file input-v4.tsv (TSV, C-alpha atoms)
chain	number	residue	atom	x	y	z
A	1	MET	CA	-23.18	0.15	7.32
A	2	ILE	CA	-23.73	0.16	3.56
A	3	ASP	CA	-21.49	3.23	3.21
A	4	ARG	CA	-18.63	1.44	4.94
A	5	ILE	CA	-19.07	-1.59	2.70
A	6	ILE	CA	-18.89	0.63	-0.38
A	7	VAL	CA	-15.69	2.23	0.90
A	8	GLY	CA	-14.34	-1.27	1.53
A	9	LEU	CA	-15.17	-2.20	-2.05
A	10	ILE	CA	-13.29	0.87	-3.33
A	11	PHE	CA	-10.33	-0.23	-1.21
A	12	LEU	CA	-10.55	-3.74	-2.72
A	13	VAL	CA	-10.59	-2.31	-6.24
A	14	GLY	CA	-7.35	-0.51	-5.42
A	15	LEU	CA	-5.86	-3.63	-3.88
A	16	TRP	CA	-6.80	-5.63	-6.98
A	17	GLY	CA	-5.09	-3.06	-9.16
A	18	LEU	CA	-2.02	-3.14	-6.94
A	19	ILE	CA	-1.53	-6.91	-6.86
A	20	GLY	CA	-3.51	-8.22	-9.82
A	21	LYS	CA	-2.21	-6.01	-12.61
A	22	ARG	CA	1.17	-6.47	-14.26
A	23	ASN	CA	1.51	-2.94	-15.58
A	24	LEU	CA	3.46	-0.71	-13.19
A	25	ILE	CA	1.39	2.37	-14.01
A	26	LYS	CA	-1.80	0.47	-13.16
A	27	LYS	CA	-0.22	-0.56	-9.87
A	28	VAL	CA	0.33	3.13	-9.11
A	29	PHE	CA	-3.34	3.74	-9.96
A	30	GLY	CA	-4.27	1.03	-7.45
A	31	LEU	CA	-2.13	2.67	-4.77
A	32	SER	CA	-3.87	5.97	-5.44
A	33	ILE	CA	-7.33	4.37	-5.23
A	34	ILE	CA	-6.45	2.75	-1.87
A	35	ASN	CA	-5.35	6.14	-0.59
A	36	ALA	CA	-8.61	7.71	-1.76
A	37	ALA	CA	-10.65	4.97	-0.06
A	38	VAL	CA	-8.95	5.60	3.29
A	39	VAL	CA	-9.48	9.35	2.97
A	40	ILE	CA	-13.17	8.85	2.14
A	41	LEU	CA	-13.59	6.52	5.13
A	42	PHE	CA	-12.15	9.02	7.61
A	43	ILE	CA	-14.05	12.02	6.25
A	44	MET	CA	-17.29	9.99	6.17
A	45	GLU	CA	-16.95	8.76	9.74
A	46	GLY	CA	-15.97	12.19	11.05
A	47	GLY	CA	-18.87	13.71	9.17
A	48	LYS	CA	-21.41	11.63	11.08
A	49	ALA	CA	-20.81	13.71	14.23
A	50	GLY	CA	-22.47	16.89	12.98
A	51	SER	CA	-24.00	18.64	10.04
A	52	SER	CA	-22.09	21.84	9.16
A	53	ALA	CA	-18.53	22.49	8.03
A	54	PRO	CA	-15.99	23.18	10.80
A	55	ILE	CA	-15.65	26.88	9.95
A	56	LEU	CA	-16.89	28.93	12.85
A	57	GLU	CA	-18.75	31.73	11.16
A	58	PRO	CA	-21.16	33.47	13.56
A	59	GLY	CA	-24.23	31.33	14.08
A	60	VAL	CA	-22.72	28.05	12.96
A	61	ARG	CA	-23.79	25.19	15.21
A	62	ASP	CA	-23.32	21.42	15.24
A	63	ILE	CA	-20.07	21.19	13.28
A	64	VAL	CA	-18.54	17.94	12.07
A	65	ASP	CA	-15.41	16.70	13.83
A	66	PRO	CA	-12.46	18.67	12.38
A	67	VAL	CA	-9.79	16.27	13.67
A	68	PRO	CA	-10.20	13.59	10.94
A	69	GLN	CA	-10.22	16.35	8.33
A	70	ALA	CA	-6.89	17.71	9.57
A	71	LEU	CA	-5.51	14.17	9.62
A	72	MET	CA	-6.68	13.48	6.07
A	73	LEU	CA	-5.16	16.74	4.86
A	74	THR	CA	-1.86	15.15	5.82
A	75	ALA	CA	-2.79	11.84	4.22
A	76	ILE	CA	-3.69	13.48	0.89
A	77	VAL	CA	-0.33	15.24	0.70
A	78	ILE	CA	1.53	12.05	1.59
A	79	GLY	CA	-0.55	10.19	-1.01
A	80	VAL	CA	0.52	12.66	-3.69
A	81	CYS	CA	4.14	12.17	-2.61
A	82	VAL	CA	3.85	8.39	-2.78
A	83	THR	CA	2.23	8.56	-6.22
A	84	ALA	CA	4.94	10.87	-7.57
A	85	LEU	CA	7.74	8.75	-6.18
A	86	ALA	CA	6.19	5.54	-7.50
A	87	LEU	CA	5.73	7.07	-10.95
A	88	ALA	CA	9.36	8.21	-10.95
A	89	MET	CA	10.42	4.65	-10.06
A	90	ALA	CA	8.26	3.22	-12.83
A	91	TYR	CA	9.80	5.70	-15.27
A	92	ARG	CA	13.28	4.72	-14.17
A	93	LEU	CA	12.47	1.02	-14.64
A	94	TYR	CA	11.04	1.77	-18.06
A	95	LYS	CA	14.21	3.61	-18.99
A	96	ALA	CA	16.30	0.68	-17.81
A	97	THR	CA	14.29	-2.12	-19.41
A	98	GLY	CA	11.94	-0.65	-21.99
A	99	SER	CA	8.82	-2.14	-20.46
A	100	PHE	CA	6.17	-1.40	-17.83
A	101	ASP	CA	5.22	-5.06	-17.44
A	102	ILE	CA	6.54	-6.24	-14.10
A	103	ASP	CA	7.41	-9.73	-15.33
A	104	GLU	CA	9.32	-8.43	-18.34
A	105	VAL	CA	11.08	-5.87	-16.13
A	106	ARG	CA	12.22	-8.60	-13.78
A	107	GLU	CA	13.31	-10.86	-16.64
A	108	ARG	CA	15.32	-8.15	-18.38
A	109	LEU	CA	16.94	-6.98	-15.18
A	110	ASP	CA	17.97	-10.59	-14.51
A	111	ASP	CA	19.35	-10.81	-18.05
A	112	GLY	CA	21.37	-7.70	-17.45
A	113	HIS	CA	22.98	-9.16	-14.37
A	114	ARG	CA	23.94	-12.45	-15.92
B	1	MET	CA	10.84	-24.87	-10.96
B	2	ASN	CA	7.62	-25.14	-12.92
B	3	ALA	CA	5.65	-26.52	-10.00
B	4	GLN	CA	6.95	-23.76	-7.80
B	5	ALA	CA	6.05	-21.16	-10.38
B	6	LYS	CA	2.52	-22.56	-10.48
B	7	ARG	CA	2.10	-22.74	-6.72
B	8	ALA	CA	3.40	-19.23	-6.02
B	9	PRO	CA	0.47	-17.26	-7.51
B	10	VAL	CA	-2.09	-19.34	-5.61
B	11	ALA	CA	-0.26	-18.82	-2.33
B	12	ALA	CA	0.09	-15.13	-3.07
B	13	ALA	CA	-3.62	-14.83	-3.88
B	14	VAL	CA	-4.64	-16.60	-0.66
B	15	LEU	CA	-2.26	-14.45	1.36
B	16	SER	CA	-3.54	-11.22	-0.18
B	17	ILE	CA	-7.17	-12.19	0.42
B	18	LEU	CA	-6.34	-12.94	4.06
B	19	VAL	CA	-4.54	-9.61	4.48
B	20	ALA	CA	-7.40	-7.71	2.83
B	21	ALA	CA	-9.91	-9.47	5.08
B	22	ALA	CA	-7.86	-8.63	8.17
B	23	ILE	CA	-7.70	-4.97	7.17
B	24	LEU	CA	-11.35	-4.65	6.18
B	25	TRP	CA	-12.84	-6.75	8.99
B	26	PRO	CA	-12.88	-3.93	11.61
B	27	LEU	CA	-14.78	-1.82	9.11
B	28	VAL	CA	-17.91	-3.94	9.47
B	29	ALA	CA	-17.29	-5.47	12.91
B	30	PHE	CA	-17.27	-2.34	15.06
B	31	ASP	CA	-19.97	0.29	14.99
B	32	GLY	CA	-19.77	2.50	18.05
B	33	PRO	CA	-20.80	6.14	18.24
B	34	TRP	CA	-18.23	8.67	17.10
B	35	PRO	CA	-16.48	10.28	20.11
B	36	ARG	CA	-17.68	13.88	20.29
B	37	GLU	CA	-15.59	15.29	23.14
B	38	LEU	CA	-12.72	16.69	21.04
B	39	GLY	CA	-15.00	18.15	18.40
B	40	ALA	CA	-17.15	19.79	21.08
B	41	TYR	CA	-14.08	21.24	22.80
B	42	LEU	CA	-12.78	22.65	19.51
B	43	GLU	CA	-16.20	24.07	18.70
B	44	SER	CA	-16.40	25.94	21.99
B	45	ARG	CA	-12.75	27.00	22.49
B	46	GLY	CA	-10.98	26.62	19.13
B	47	LEU	CA	-11.69	30.11	17.75
B	48	GLU	CA	-10.72	31.74	21.03
B	49	GLU	CA	-7.51	29.77	21.48
B	50	SER	CA	-6.16	29.81	17.93
B	51	GLY	CA	-7.84	32.81	16.34
B	52	ALA	CA	-8.64	30.84	13.19
B	53	ARG	CA	-12.26	30.38	12.17
B	54	ASN	CA	-11.33	27.40	10.03
B	55	LEU	CA	-10.83	24.73	12.69
B	56	VAL	CA	-8.84	22.49	10.35
B	57	SER	CA	-6.29	25.28	9.96
B	58	ALA	CA	-6.42	25.81	13.73
B	59	ILE	CA	-5.48	22.16	14.25
B	60	TYR	CA	-2.68	21.72	11.74
B	61	LEU	CA	-1.04	25.10	12.28
B	62	GLY	CA	-2.13	26.05	15.79
B	63	TYR	CA	-2.41	22.97	17.94
B	64	ARG	CA	-0.30	20.52	15.93
B	65	ALA	CA	2.15	22.60	13.90
B	66	TYR	CA	4.93	20.18	14.79
B	67	ASP	CA	3.15	17.43	12.80
B	68	THR	CA	2.92	19.79	9.86
B	69	LEU	CA	6.70	20.18	9.96
B	70	GLY	CA	7.03	16.40	9.65
B	71	GLU	CA	4.57	16.39	6.77
B	72	THR	CA	6.51	19.03	4.87
B	73	ILE	CA	9.69	17.01	5.44
B	74	VAL	CA	8.00	13.97	3.88
B	75	LEU	CA	6.97	16.14	0.94
B	76	LEU	CA	10.51	17.48	0.58
B	77	VAL	CA	12.03	13.98	0.67
B	78	ALA	CA	9.55	12.61	-1.85
B	79	VAL	CA	10.06	15.52	-4.25
B	80	SER	CA	13.86	15.20	-3.90
B	81	GLY	CA	13.71	11.46	-4.52
B	82	ALA	CA	11.46	11.75	-7.53
B	83	ILE	CA	13.50	14.60	-9.03
B	84	GLY	CA	16.69	12.65	-8.42
B	85	MET	CA	15.35	9.59	-10.17
B	86	ILE	CA	13.97	11.55	-13.12
B	87	ALA	CA	17.20	13.56	-13.45
B	88	ALA	CA	19.33	10.41	-13.32
B	89	ALA	CA	17.20	8.67	-15.93
B	90	GLY	CA	17.10	11.70	-18.22
B	91	THR	CA	14.14	12.84	-20.25
B	92	THR	CA	14.95	11.04	-23.47
B	93	LEU	CA	12.93	7.95	-24.17
B	94	ALA	CA	14.66	4.78	-25.25
B	95	ILE	CA	12.85	2.79	-27.91
B	96	ASP	CA	13.61	-0.26	-29.97
B	97	TYR	CA	15.50	-2.14	-27.36
B	98	SER	CA	16.79	-5.42	-28.65
B	99	TYR	CA	17.15	-7.90	-25.88
B	100	PRO	CA	18.76	-11.34	-25.89
B	101	ALA	CA	16.42	-14.17	-26.74
B	102	LYS	CA	14.45	-15.60	-23.84
B	103	ASP	CA	16.28	-18.91	-23.82
B	104	GLY	CA	19.34	-17.01	-22.70
B	105	ALA	CA	21.35	-17.17	-25.91
B	106	VAL	CA	23.39	-14.01	-25.51
B	107	ASP	CA	24.95	-13.23	-28.86
B	108	GLY	CA	26.29	-9.82	-27.93
B	109	GLY	CA	27.32	-7.16	-30.38
B	110	GLU	CA	26.57	-3.55	-31.18
B	111	ALA	CA	23.03	-4.31	-32.31
B	112	GLU	CA	21.89	-4.26	-28.68
B	113	LYS	CA	22.70	-0.61	-28.25
B	114	PRO	CA	19.30	1.07	-27.77
B	115	ILE	CA	18.21	3.84	-30.10
B	116	ARG	CA	17.29	6.98	-28.21
B	117	ARG	CA	15.10	9.86	-29.19
B	118	LYS	CA	13.85	12.97	-27.48
B	119	ALA	CA	10.59	12.56	-25.59
B	120	LYS	CA	7.76	13.61	-27.86
B	121	LYS	CA	5.94	16.66	-26.65
B	122	ASN	CA	2.20	16.43	-27.07
B	123	ARG	CA	1.51	20.09	-27.69
B	124	THR	CA	-1.08	21.96	-29.64
B	125	ASP	CA	-1.58	25.67	-30.13
B	126	LEU	CA	-4.91	25.40	-28.34
B	127	ILE	CA	-3.33	24.05	-25.17
B	128	GLU	CA	-0.56	26.62	-25.24
B	129	VAL	CA	-2.87	29.59	-25.67
B	130	VAL	CA	-5.44	28.45	-23.10
B	131	THR	CA	-2.95	27.42	-20.42
B	132	GLY	CA	-0.76	30.47	-20.94
B	133	LYS	CA	-3.72	32.81	-20.42
B	134	LEU	CA	-5.23	30.77	-17.58
B	135	GLY	CA	-1.98	30.38	-15.62
B	136	PRO	CA	-1.90	33.81	-13.93
B	137	VAL	CA	-5.59	33.53	-12.97
B	138	VAL	CA	-4.99	30.14	-11.38
B	139	LEU	CA	-1.96	31.53	-9.55
B	140	LEU	CA	-4.07	34.40	-8.20
B	141	PHE	CA	-6.75	31.97	-7.00
B	142	GLY	CA	-4.05	29.84	-5.38
B	143	PHE	CA	-2.72	32.80	-3.41
B	144	TYR	CA	-6.28	33.67	-2.36
B	145	VAL	CA	-6.87	30.12	-1.07
B	146	MET	CA	-3.51	30.25	0.70
B	147	LEU	CA	-3.92	33.63	2.38
B	148	PHE	CA	-7.57	33.20	3.41
B	149	GLY	CA	-7.14	29.67	4.72
B	150	HIS	CA	-7.83	30.72	8.29
B	151	VAL	CA	-11.33	32.11	7.66
B	152	SER	CA	-12.58	30.01	4.74
B	153	PRO	CA	-12.07	26.55	3.28
B	154	GLY	CA	-8.47	26.35	2.20
B	155	GLY	CA	-5.04	26.77	3.69
B	156	GLY	CA	-1.39	26.37	2.85
B	157	PHE	CA	-1.49	22.88	1.40
B	158	GLN	CA	-4.61	23.41	-0.69
B	159	GLY	CA	-3.49	26.82	-1.90
B	160	GLY	CA	-0.04	25.43	-2.62
B	161	VAL	CA	-1.46	22.74	-4.87
B	162	VAL	CA	-3.51	25.33	-6.77
B	163	VAL	CA	-0.35	27.46	-7.15
B	164	ALA	CA	1.41	24.35	-8.48
B	165	SER	CA	-1.38	23.96	-11.06
B	166	GLY	CA	-0.80	27.56	-12.09
B	167	ILE	CA	2.92	26.87	-12.47
B	168	VAL	CA	2.16	23.83	-14.64
B	169	PHE	CA	-0.15	25.97	-16.77
B	170	LEU	CA	2.58	28.57	-17.20
B	171	ALA	CA	5.07	25.84	-18.14
B	172	LEU	CA	2.64	24.36	-20.68
B	173	GLY	CA	1.88	27.78	-22.13
B	174	SER	CA	5.48	28.85	-22.52
B	175	LYS	CA	5.44	28.29	-26.31
B	176	GLY	CA	8.11	25.65	-26.29
B	177	LYS	CA	10.65	27.85	-24.56
B	178	PRO	CA	11.51	25.68	-21.59
B	179	GLY	CA	11.59	27.13	-18.13
B	180	GLY	CA	10.88	30.82	-18.26
B	181	GLY	CA	10.23	32.90	-15.16
B	182	LEU	CA	8.32	31.19	-12.38
B	183	SER	CA	8.18	27.84	-14.17
B	184	SER	CA	11.96	27.47	-14.36
B	185	ALA	CA	13.33	24.60	-12.34
B	186	SER	CA	16.06	26.56	-10.59
B	187	THR	CA	13.63	29.25	-9.38
B	188	LEU	CA	11.25	26.62	-8.04
B	189	ALA	CA	14.02	24.74	-6.28
B	190	LYS	CA	15.22	27.94	-4.60
B	191	LEU	CA	11.65	28.84	-3.63
B	192	GLU	CA	11.09	25.43	-2.08
B	193	ALA	CA	14.34	25.60	-0.13
B	194	ALA	CA	13.58	29.13	1.06
B	195	GLY	CA	10.07	28.06	2.13
B	196	PHE	CA	11.42	25.17	4.14
B	197	ALA	CA	14.07	27.37	5.79
B	198	ALA	CA	11.40	29.93	6.68
B	199	LEU	CA	9.23	27.19	8.19
B	200	ILE	CA	12.08	25.96	10.40
B	201	ALA	CA	12.92	29.55	11.33
B	202	GLY	CA	9.28	30.13	12.26
B	203	GLY	CA	9.44	27.13	14.55
B	204	PHE	CA	12.59	28.37	16.30
B	205	LEU	CA	11.16	31.89	16.61
B	206	GLY	CA	8.87	30.70	19.37
B	207	LEU	CA	11.73	28.86	21.00
B	208	ALA	CA	13.83	32.03	21.04
B	209	SER	CA	11.08	34.10	22.60
B	210	GLY	CA	10.37	31.48	25.25
B	211	THR	CA	6.91	30.26	24.20
B	212	GLY	CA	7.92	26.90	22.72
B	213	PHE	CA	8.74	25.18	19.43
B	214	PHE	CA	6.18	26.24	16.81
B	215	ALA	CA	4.29	28.29	19.37
B	216	PRO	CA	3.30	31.85	18.43
B	217	PRO	CA	6.30	34.00	19.34
B	218	LEU	CA	4.34	36.78	21.06
B	219	ALA	CA	2.83	35.39	24.23
B	220	GLY	CA	-0.55	36.79	25.25
B	221	THR	CA	-1.65	37.94	21.79
B	222	SER	CA	-3.85	36.10	19.34
B	223	PRO	CA	-1.82	33.55	17.35
B	224	LEU	CA	-3.76	34.36	14.19
B	225	GLY	CA	-0.89	36.24	12.56
B	226	PHE	CA	1.39	33.30	13.11
B	227	ILE	CA	-1.13	30.96	11.45
B	228	ILE	CA	-1.40	33.26	8.42
B	229	ALA	CA	2.40	33.44	8.15
B	230	LEU	CA	2.76	29.66	8.37
B	231	ASN	CA	-0.03	29.18	5.81
B	232	THR	CA	1.81	31.48	3.39
B	233	VAL	CA	5.17	29.78	3.91
B	234	ILE	CA	3.70	26.29	3.56
B	235	GLY	CA	1.73	27.34	0.50
B	236	LEU	CA	4.83	28.67	-1.24
B	237	LYS	CA	6.81	25.58	-0.30
B	238	VAL	CA	4.15	23.09	-1.43
B	239	GLY	CA	3.46	25.05	-4.59
B	240	ALA	CA	7.13	25.23	-5.51
B	241	GLY	CA	7.75	21.57	-4.63
B	242	ILE	CA	4.85	20.06	-6.53
B	243	GLY	CA	5.30	22.54	-9.36
B	244	PHE	CA	8.97	21.55	-9.63
B	245	LEU	CA	7.95	17.89	-9.70
B	246	CYS	CA	5.41	18.48	-12.47
B	247	VAL	CA	7.81	20.62	-14.52
B	248	ALA	CA	10.43	17.88	-14.19
B	249	MET	CA	7.88	15.25	-15.29
B	250	LEU	CA	6.99	17.43	-18.27
B	251	GLY	CA	10.63	17.09	-19.24
B	252	GLU	CA	11.34	20.80	-19.17
B	253	ALA	CA	13.63	21.09	-16.17
B	254	ASP	CA	17.30	21.85	-16.64
B	255	TYR	CA	18.40	20.81	-13.10
B	256	ASP	CA	20.80	23.67	-12.52
call {"tool": "encode", "arguments": {"input": "input-v4.tsv", "output": "structure tokens"}}
result
Amino acid sequence: MIDRIIVGLIFLVGLWGLIGKRNLIKKVFGLSIINAAVVILFIMEGGKAGSSAPILEPGVRDIVDPVPQALMLTAIVIGVCVTALALAMAYRLYKATGSFDIDEVRERLDDGHR
Amino acid sequence: MNAQAKRAPVAAAVLSILVAAAILWPLVAFDGPWPRELGAYLESRGLEESGARNLVSAIYLGYRAYDTLGETIVLLVAVSGAIGMIAAAGTTLAIDYSYPAKDGAVDGGEAEKPIRRKAKKNRTDLIEVVTGKLGPVVLLFGFYVMLFGHVSPGGGFQGGVVVASGIVFLALGSKGKPGGGLSSASTLAKLEAAGFAALIAGGFLGLASGTGFFAPPLAGTSPLGFIIALNTVIGLKVGAGIGFLCVAMLGEADYD
């Protein structure tokens, strides 16, 4: 149980970064931390089913469940994609407004439309 | 307006705490045993059915290759979107913006035109020498991880990311000459497109020979060769895609 609580705390750190920070780059960090927490949770839970890696060399017994690992392989790649896209968006907003602060970005974009 | 502006953060905080609690509650509320049936089936039959010792490779290229196609499409879309945004914004940084005063007094005039300068490149000789020499070694390791993904830890995605690191090293070590050889943006874009076309073609190969979409084209033989081929194609595609993204973020792409 304590391992799940720790993973939940990592998730909350990411959520705090995502919604509590004004800097866009820190928001992207938070997104990345949330992604990492989910990956850790799945690998941890799947790893409780056995003891050795799911690579069937001769003599290997009692492997962990490979299904969550295959799923998380996908999730890691998607996480990288999301991070790259979010960073590109932050860069574009910085180019347009000269700031990473979300409040200033919104203010300056409003000014531009007036 | 002021009262609303004060109330909004409190409401947002309460809402986010509620959402976080709803997401995290199942984490501590349910604690059943992990279902072992699928893992046990894969342990007893996976090597025989897919030919790959690495069961993770057996799943994402043997049993569920169709999902992998969707994953590579997501990667392609994200890379295209990010490249498009970076290319549209350009790689020059704008500094010294002068904005209208906050009370809204727009005075206008030429003084608001932002001053632009080229993005500063944080380079040292040390980085250039080390990354330039290390790049080929990292590329070699990436191809090893890619090609031996069916018998050892690794596979197309992992090897592709290592190849992308090698490409970034080559780009960093290119002594200020942007985009030479493998680290040029046009080569990487072509490589990514060719990898994706080969992946689709590999999927339709099984359809043409009557075994099914993304099924090994030769019925009755071990599908191991097909897994190795898909690993290679995916590795090249992922390596080129992420390498292209990183080269573009370094500000060295020419977007031809």
call {"tool": "atom_distance", "arguments": {"input": "input-v4.tsv", "atom1": "CA of Glu43 in chain B", "atom2": "CA of Pro54 in chain A"}}
result
8.0 Å
call {"tool": "closest_residue", "arguments": {"input": "input-v4.tsv", "among": "B:Phe143, B:Phe157, B:Tyr66, B:Phe213", "to": "chain A", "atoms": "only C-alpha atoms"}}
result
B:Phe157
call {"tool": "interface_residues", "arguments": {"input": "input-v4.tsv", "of": "chain B", "to": "chain A", "cutoff": "8 Å", "atoms": "all atoms listed in the file", "output": "ChimeraX atom specification"}}
result
/B:20,24,27-28,34,36,38-39,43,47,53-57,59-60,68,71,74-75,78-79,81-83,85-86,89,93-95,97,99-100,104,151-153,157,245
call {"tool": "atom_distance", "arguments": {"input": "input-v4.tsv", "atom1": "CA of Gly243 in chain B", "atom2": "CA of Gly149 in chain B"}}
result
20.1 Å
call {"tool": "closest_residue", "arguments": {"input": "input-v4.tsv", "among": "B:Gly159, B:Gly241, B:Gly135, B:Gly203", "to": "Ser186 in chain B", "atoms": "only C-alpha atoms"}}
result
B:Gly241
call {"tool": "atom_distance", "arguments": {"input": "input-v4.tsv", "atom1": "CA of Gly181 in chain B", "atom2": "CA of Thr72 in chain B"}}
result
24.6 Å
